Amino acid sequence: MQLTEYLKHHTVYLDGGMGTLLQQKGLQAGEASESWNLTHPEEITAIHKSYFDAGTNVVAANTFGANALKYSDEKLEALICAAIENAKRAKKESQAPQEKWIALDIGPTGRLLCPFGDLDFERAVAVFEKTVLLGVKYGVDLILIETMSDLLETKAAVLAAKAACELPIFVSNAYSENGRLMTGASPRIMVAMLESLGVDAIGVNCSFGPKQLGGVVRDYLQYASLPVLLKPNAGLPQMIDGENVYTVSPAEFANDVSALMREGVRLAGGCCGTTPSHIKSLVDESKALTVPCTDKKDTTVITSRTKAVMLDKEPILIASGIDPTDDDICDALREGDTEALLDEAMAQQDEEVHVLRVNVSLEDTDEKELLTAATGELQTMIDLPLLLESTDRAALESALRRYNGKPLAGPINGTAQARELLPLVKAYGGVALVRTAEKDGVPESAEARAALADGICALANELGIEKKDLIFTPAAKDSCDEAALLAVKLLCEKGYKTLLPVSEQDAENGAFTRALSYGLSAALVDPYCAKIQHTYQDFLNQNA
């Protein structure tokens, strides 16, 4: 049976620790655990078999630290080949009756990606892809990306896996005491990005014991539409008689993890300090449980590396941001004056907006280079999610690919352009901003604009993009005309998210208030306009 099909109706048990068991068997400080695939294959096979015998469904091959930054191509292939063969041998030798699969285990590269470190994003993708290709070559059943503490490195690994294979992809991150990744992402941000990228299961591993991870796990369960996995440590190690000892017993571990399974965790195993005894206790404790099905969540979410913006209960403001029609911004873009762009972005962020628009489209410039560079620079200095505004396919693809989080991207103009650009949103994750337009422009009637949205939504669904990841703008010009307002009303009644450009005049003549009352999800505004801000705050106060 296919693993993803099995997961729909069953709990999946993962294995436990590997490195800590090898240390007990003589692995020395500084010695790479993956080297034992070649030097001590019988030890690795025995550990895998003991996990299968304990009831594990998925054993992770001993490849966590195997990557092209550490090993030559020849040595890397030998290590991965041996690791997978050891796991296959264990699977064959185990007489345990449960379904069994072998995962290619992918851990962090050990280096920080730019801008926090010196590893380029595309180099990281290439490193991960090489490992995945070898895993596929030697016959793994799935890709397990785990212990990631950086959002962007996680994305690099997922993109590499999706480029190299069509196997199931499970992703697990390691969290700090503050409930965030080392580089700042929260569970809400991780769920939004990973679901948008189209992985098959998401969750938490390492970090702490199951009790301490309860809050993070519950965040995953609250936000995720995908199966949630959990692989906690056997607590934190304590120094006892000169040795690091993990103090959570198999019985305590099983009790705590089972409690979280009752709340919805569908894949469970262990990480550092856990043993086959921990996994056997967990299987025995939980095998009779009926784990709740994962509910589908329909919240539209846009994120940066550290901030998530949800378009569900209240409308949001998108700042005009980096706008090449502004003479000063135009000059800064042409002159490569990054400081001026950052100053303007930070000034607009201070005006209590939720998202920042980035448009660098200028004649006689390389939009791909400009948009990619501007996106990277802005994400190092501000925490607002970005609207990547471009209809240049190469520029949008480059910026989306490297974006650290889940952006808003567009506007995509009508059905023809949707066929060209929506696949980018699907491939790299994001929310698509779509204009209800035809080749000859935006239709006159609100009904025709709403009908166009239906057609584009159907196309998006065919591509695997959900309705929640579409925002429609029915405006024919840069303000709220009557047909646009009525179209917002129709679209919101159909359950679509909507956006309109809003001017000071729209705030003064009541058009902005009407749009908000109809259910407008987002407004593109001049963040310095006091009248717009006042109208927006009045609406929120009246509807609190």
# chains A, B, ... in the order shown; residues from 1 in each chain; ligands from 1
call {"tool": "residues_around", "arguments": {"residues": "segment 70-76 of chain A", "least_positions_apart": "3", "cutoff": "10 Å", "atoms": "only C-alpha atoms", "output": "ChimeraX atom specification"}}
result
/A:34-35,63,65-67,79-82,109-110,130-131,134
call {"tool": "closest_atom_pairs", "arguments": {"of": "segment 266-341 of chain A", "to": "segment 224-236 of chain A", "cutoff": "8 Å", "atoms": "only C-alpha atoms", "output": "tab-separated table"}}
result
residue	atom	partner	partner_atom	distance
A:Arg266	CA	A:Val228	CA	5.7
A:Leu267	CA	A:Leu229	CA	4.4
A:Ala268	CA	A:Leu230	CA	5.0
A:Gly269	CA	A:Lys231	CA	4.7
A:Gly270	CA	A:Lys231	CA	4.1
A:Cys271	CA	A:Asn233	CA	4.7
A:Cys272	CA	A:Asn233	CA	4.7
A:Gly273	CA	A:Ala234	CA	5.1
A:Thr274	CA	A:Ala234	CA	5.4
A:Thr294	CA	A:Ser225	CA	6.1
A:Asp295	CA	A:Ser225	CA	5.8
A:Lys296	CA	A:Ser225	CA	4.6
A:Lys297	CA	A:Ser225	CA	5.5
call {"tool": "select_by_dssp", "arguments": {"residues": "segment 56-285 of chain A", "states": "alpha helix (DSSP H)", "output": "PyMOL selection string"}}
result
chain A and resi 73-93+121-137+151-164+187-197+214-223+250-262+276-285
call {"tool": "select_by_dssp", "arguments": {"residues": "segment 284-313 of chain A", "states": "strand (DSSP E)", "output": "list in words"}}
result
Val301, Ile302, Thr303, Ala308, Val309 and Met310 of chain A
call {"tool": "residues_around", "arguments": {"residues": "Asn509 of chain A", "least_positions_apart": "6", "cutoff": "12 Å", "atoms": "only C-alpha atoms", "output": "list in words"}}
result
Ser479, Cys480, Asp481, Glu482, Val502, Ser503, Ala515, Lys531, Ile532 and Thr535 of chain A
call {"tool": "write_last_selection", "arguments": {"atoms": "C-alpha atoms", "output": "PDB file, in the first residue's frame"}}
result
ATOM      1  CA  SER A 479      -9.900  53.456  -7.327  1.00  0.00           C
ATOM      2  CA  CYS A 480     -13.261  51.998  -6.249  1.00  0.00           C
ATOM      3  CA  ASP A 481     -15.695  52.556  -9.117  1.00  0.00           C
ATOM      4  CA  GLU A 482     -19.304  51.417  -8.749  1.00  0.00           C
ATOM      5  CA  VAL A 502      -8.135  52.692  -2.391  1.00  0.00           C
ATOM      6  CA  SER A 503      -7.464  56.418  -2.832  1.00  0.00           C
ATOM      7  CA  ALA A 515     -16.197  48.112   0.135  1.00  0.00           C
ATOM      8  CA  LYS A 531      -8.132  59.845   5.882  1.00  0.00           C
ATOM      9  CA  ILE A 532      -7.688  56.249   4.722  1.00  0.00           C
ATOM     10  CA  THR A 535     -11.753  55.303   7.821  1.00  0.00           C
TER      11      THR A 535
END
call {"tool": "atom_distance", "arguments": {"atom1": "atom CA of Glu351 of chain A", "atom2": "atom CA of Ala308 of chain A"}}
result
17.5 Å
call {"tool": "atom_distance", "arguments": {"atom1": "atom CA of Asp150 of chain A", "atom2": "atom CA of Gly214 of chain A"}}
result
20.4 Å
call {"tool": "closest_residue", "arguments": {"among": "A:Thr147, A:Arg514, A:Val216, A:Met193", "to": "Asn178 of chain A", "atoms": "only C-alpha atoms"}}
result
A:Val216
call {"tool": "atom_distance", "arguments": {"atom1": "atom CA of Thr300 of chain A", "atom2": "atom CA of Leu470 of chain A"}}
result
8.2 Å
call {"tool": "residues_around", "arguments": {"residues": "His278 of chain A", "least_positions_apart": "5", "cutoff": "8 Å", "atoms": "only C-alpha atoms", "output": "number ranges by chain"}}
result
A: 16, 249-251, 253-254, 270
call {"tool": "residues_around", "arguments": {"residues": "Leu520 of chain A", "least_positions_apart": "2", "cutoff": "10 Å", "atoms": "only C-alpha atoms", "output": "list in words"}}
result
Leu311, Glu314, Pro315, Ile316, Thr473, Leu485, Val488, Lys489, Leu491, Cys492, Tyr496, Lys497, Thr498, Leu499, Leu500, Phe512, Thr513, Arg514, Ala515, Leu516, Ser517, Tyr518, Ala522 and Ala523 of chain A
call {"tool": "write_last_selection", "arguments": {"atoms": "C-alpha atoms", "output": "short mmCIF file (atom, residue, chain, number, x, y, z; two decimals), in the first residue's frame"}}
result
data_model
loop_
_atom_site.label_atom_id
_atom_site.label_comp_id
_atom_site.auth_asym_id
_atom_site.auth_seq_id
_atom_site.Cartn_x
_atom_site.Cartn_y
_atom_site.Cartn_z
CA LEU A 311 -7.14 37.35 5.88
CA GLU A 314 -10.48 41.58 9.59
CA PRO A 315 -9.48 43.36 6.36
CA ILE A 316 -5.81 44.27 5.94
CA THR A 473 -9.17 42.41 -7.56
CA LEU A 485 -17.73 47.80 -5.44
CA VAL A 488 -16.56 42.92 -4.40
CA LYS A 489 -20.00 42.26 -2.93
CA LEU A 491 -17.24 37.88 -4.96
CA CYS A 492 -17.42 37.98 -1.17
CA TYR A 496 -13.65 34.75 -2.50
CA LYS A 497 -11.04 37.01 -0.94
CA THR A 498 -10.95 40.46 -2.55
CA LEU A 499 -8.64 43.45 -2.92
CA LEU A 500 -9.17 46.98 -4.19
CA PHE A 512 -13.90 52.60 0.95
CA THR A 513 -16.44 52.15 3.76
CA ARG A 514 -18.87 50.49 1.34
CA ALA A 515 -16.20 48.11 0.13
CA LEU A 516 -15.31 47.20 3.71
CA SER A 517 -18.97 46.63 4.56
CA TYR A 518 -19.29 44.31 1.56
CA ALA A 522 -7.48 43.89 1.55
CA ALA A 523 -6.92 47.47 0.40
#
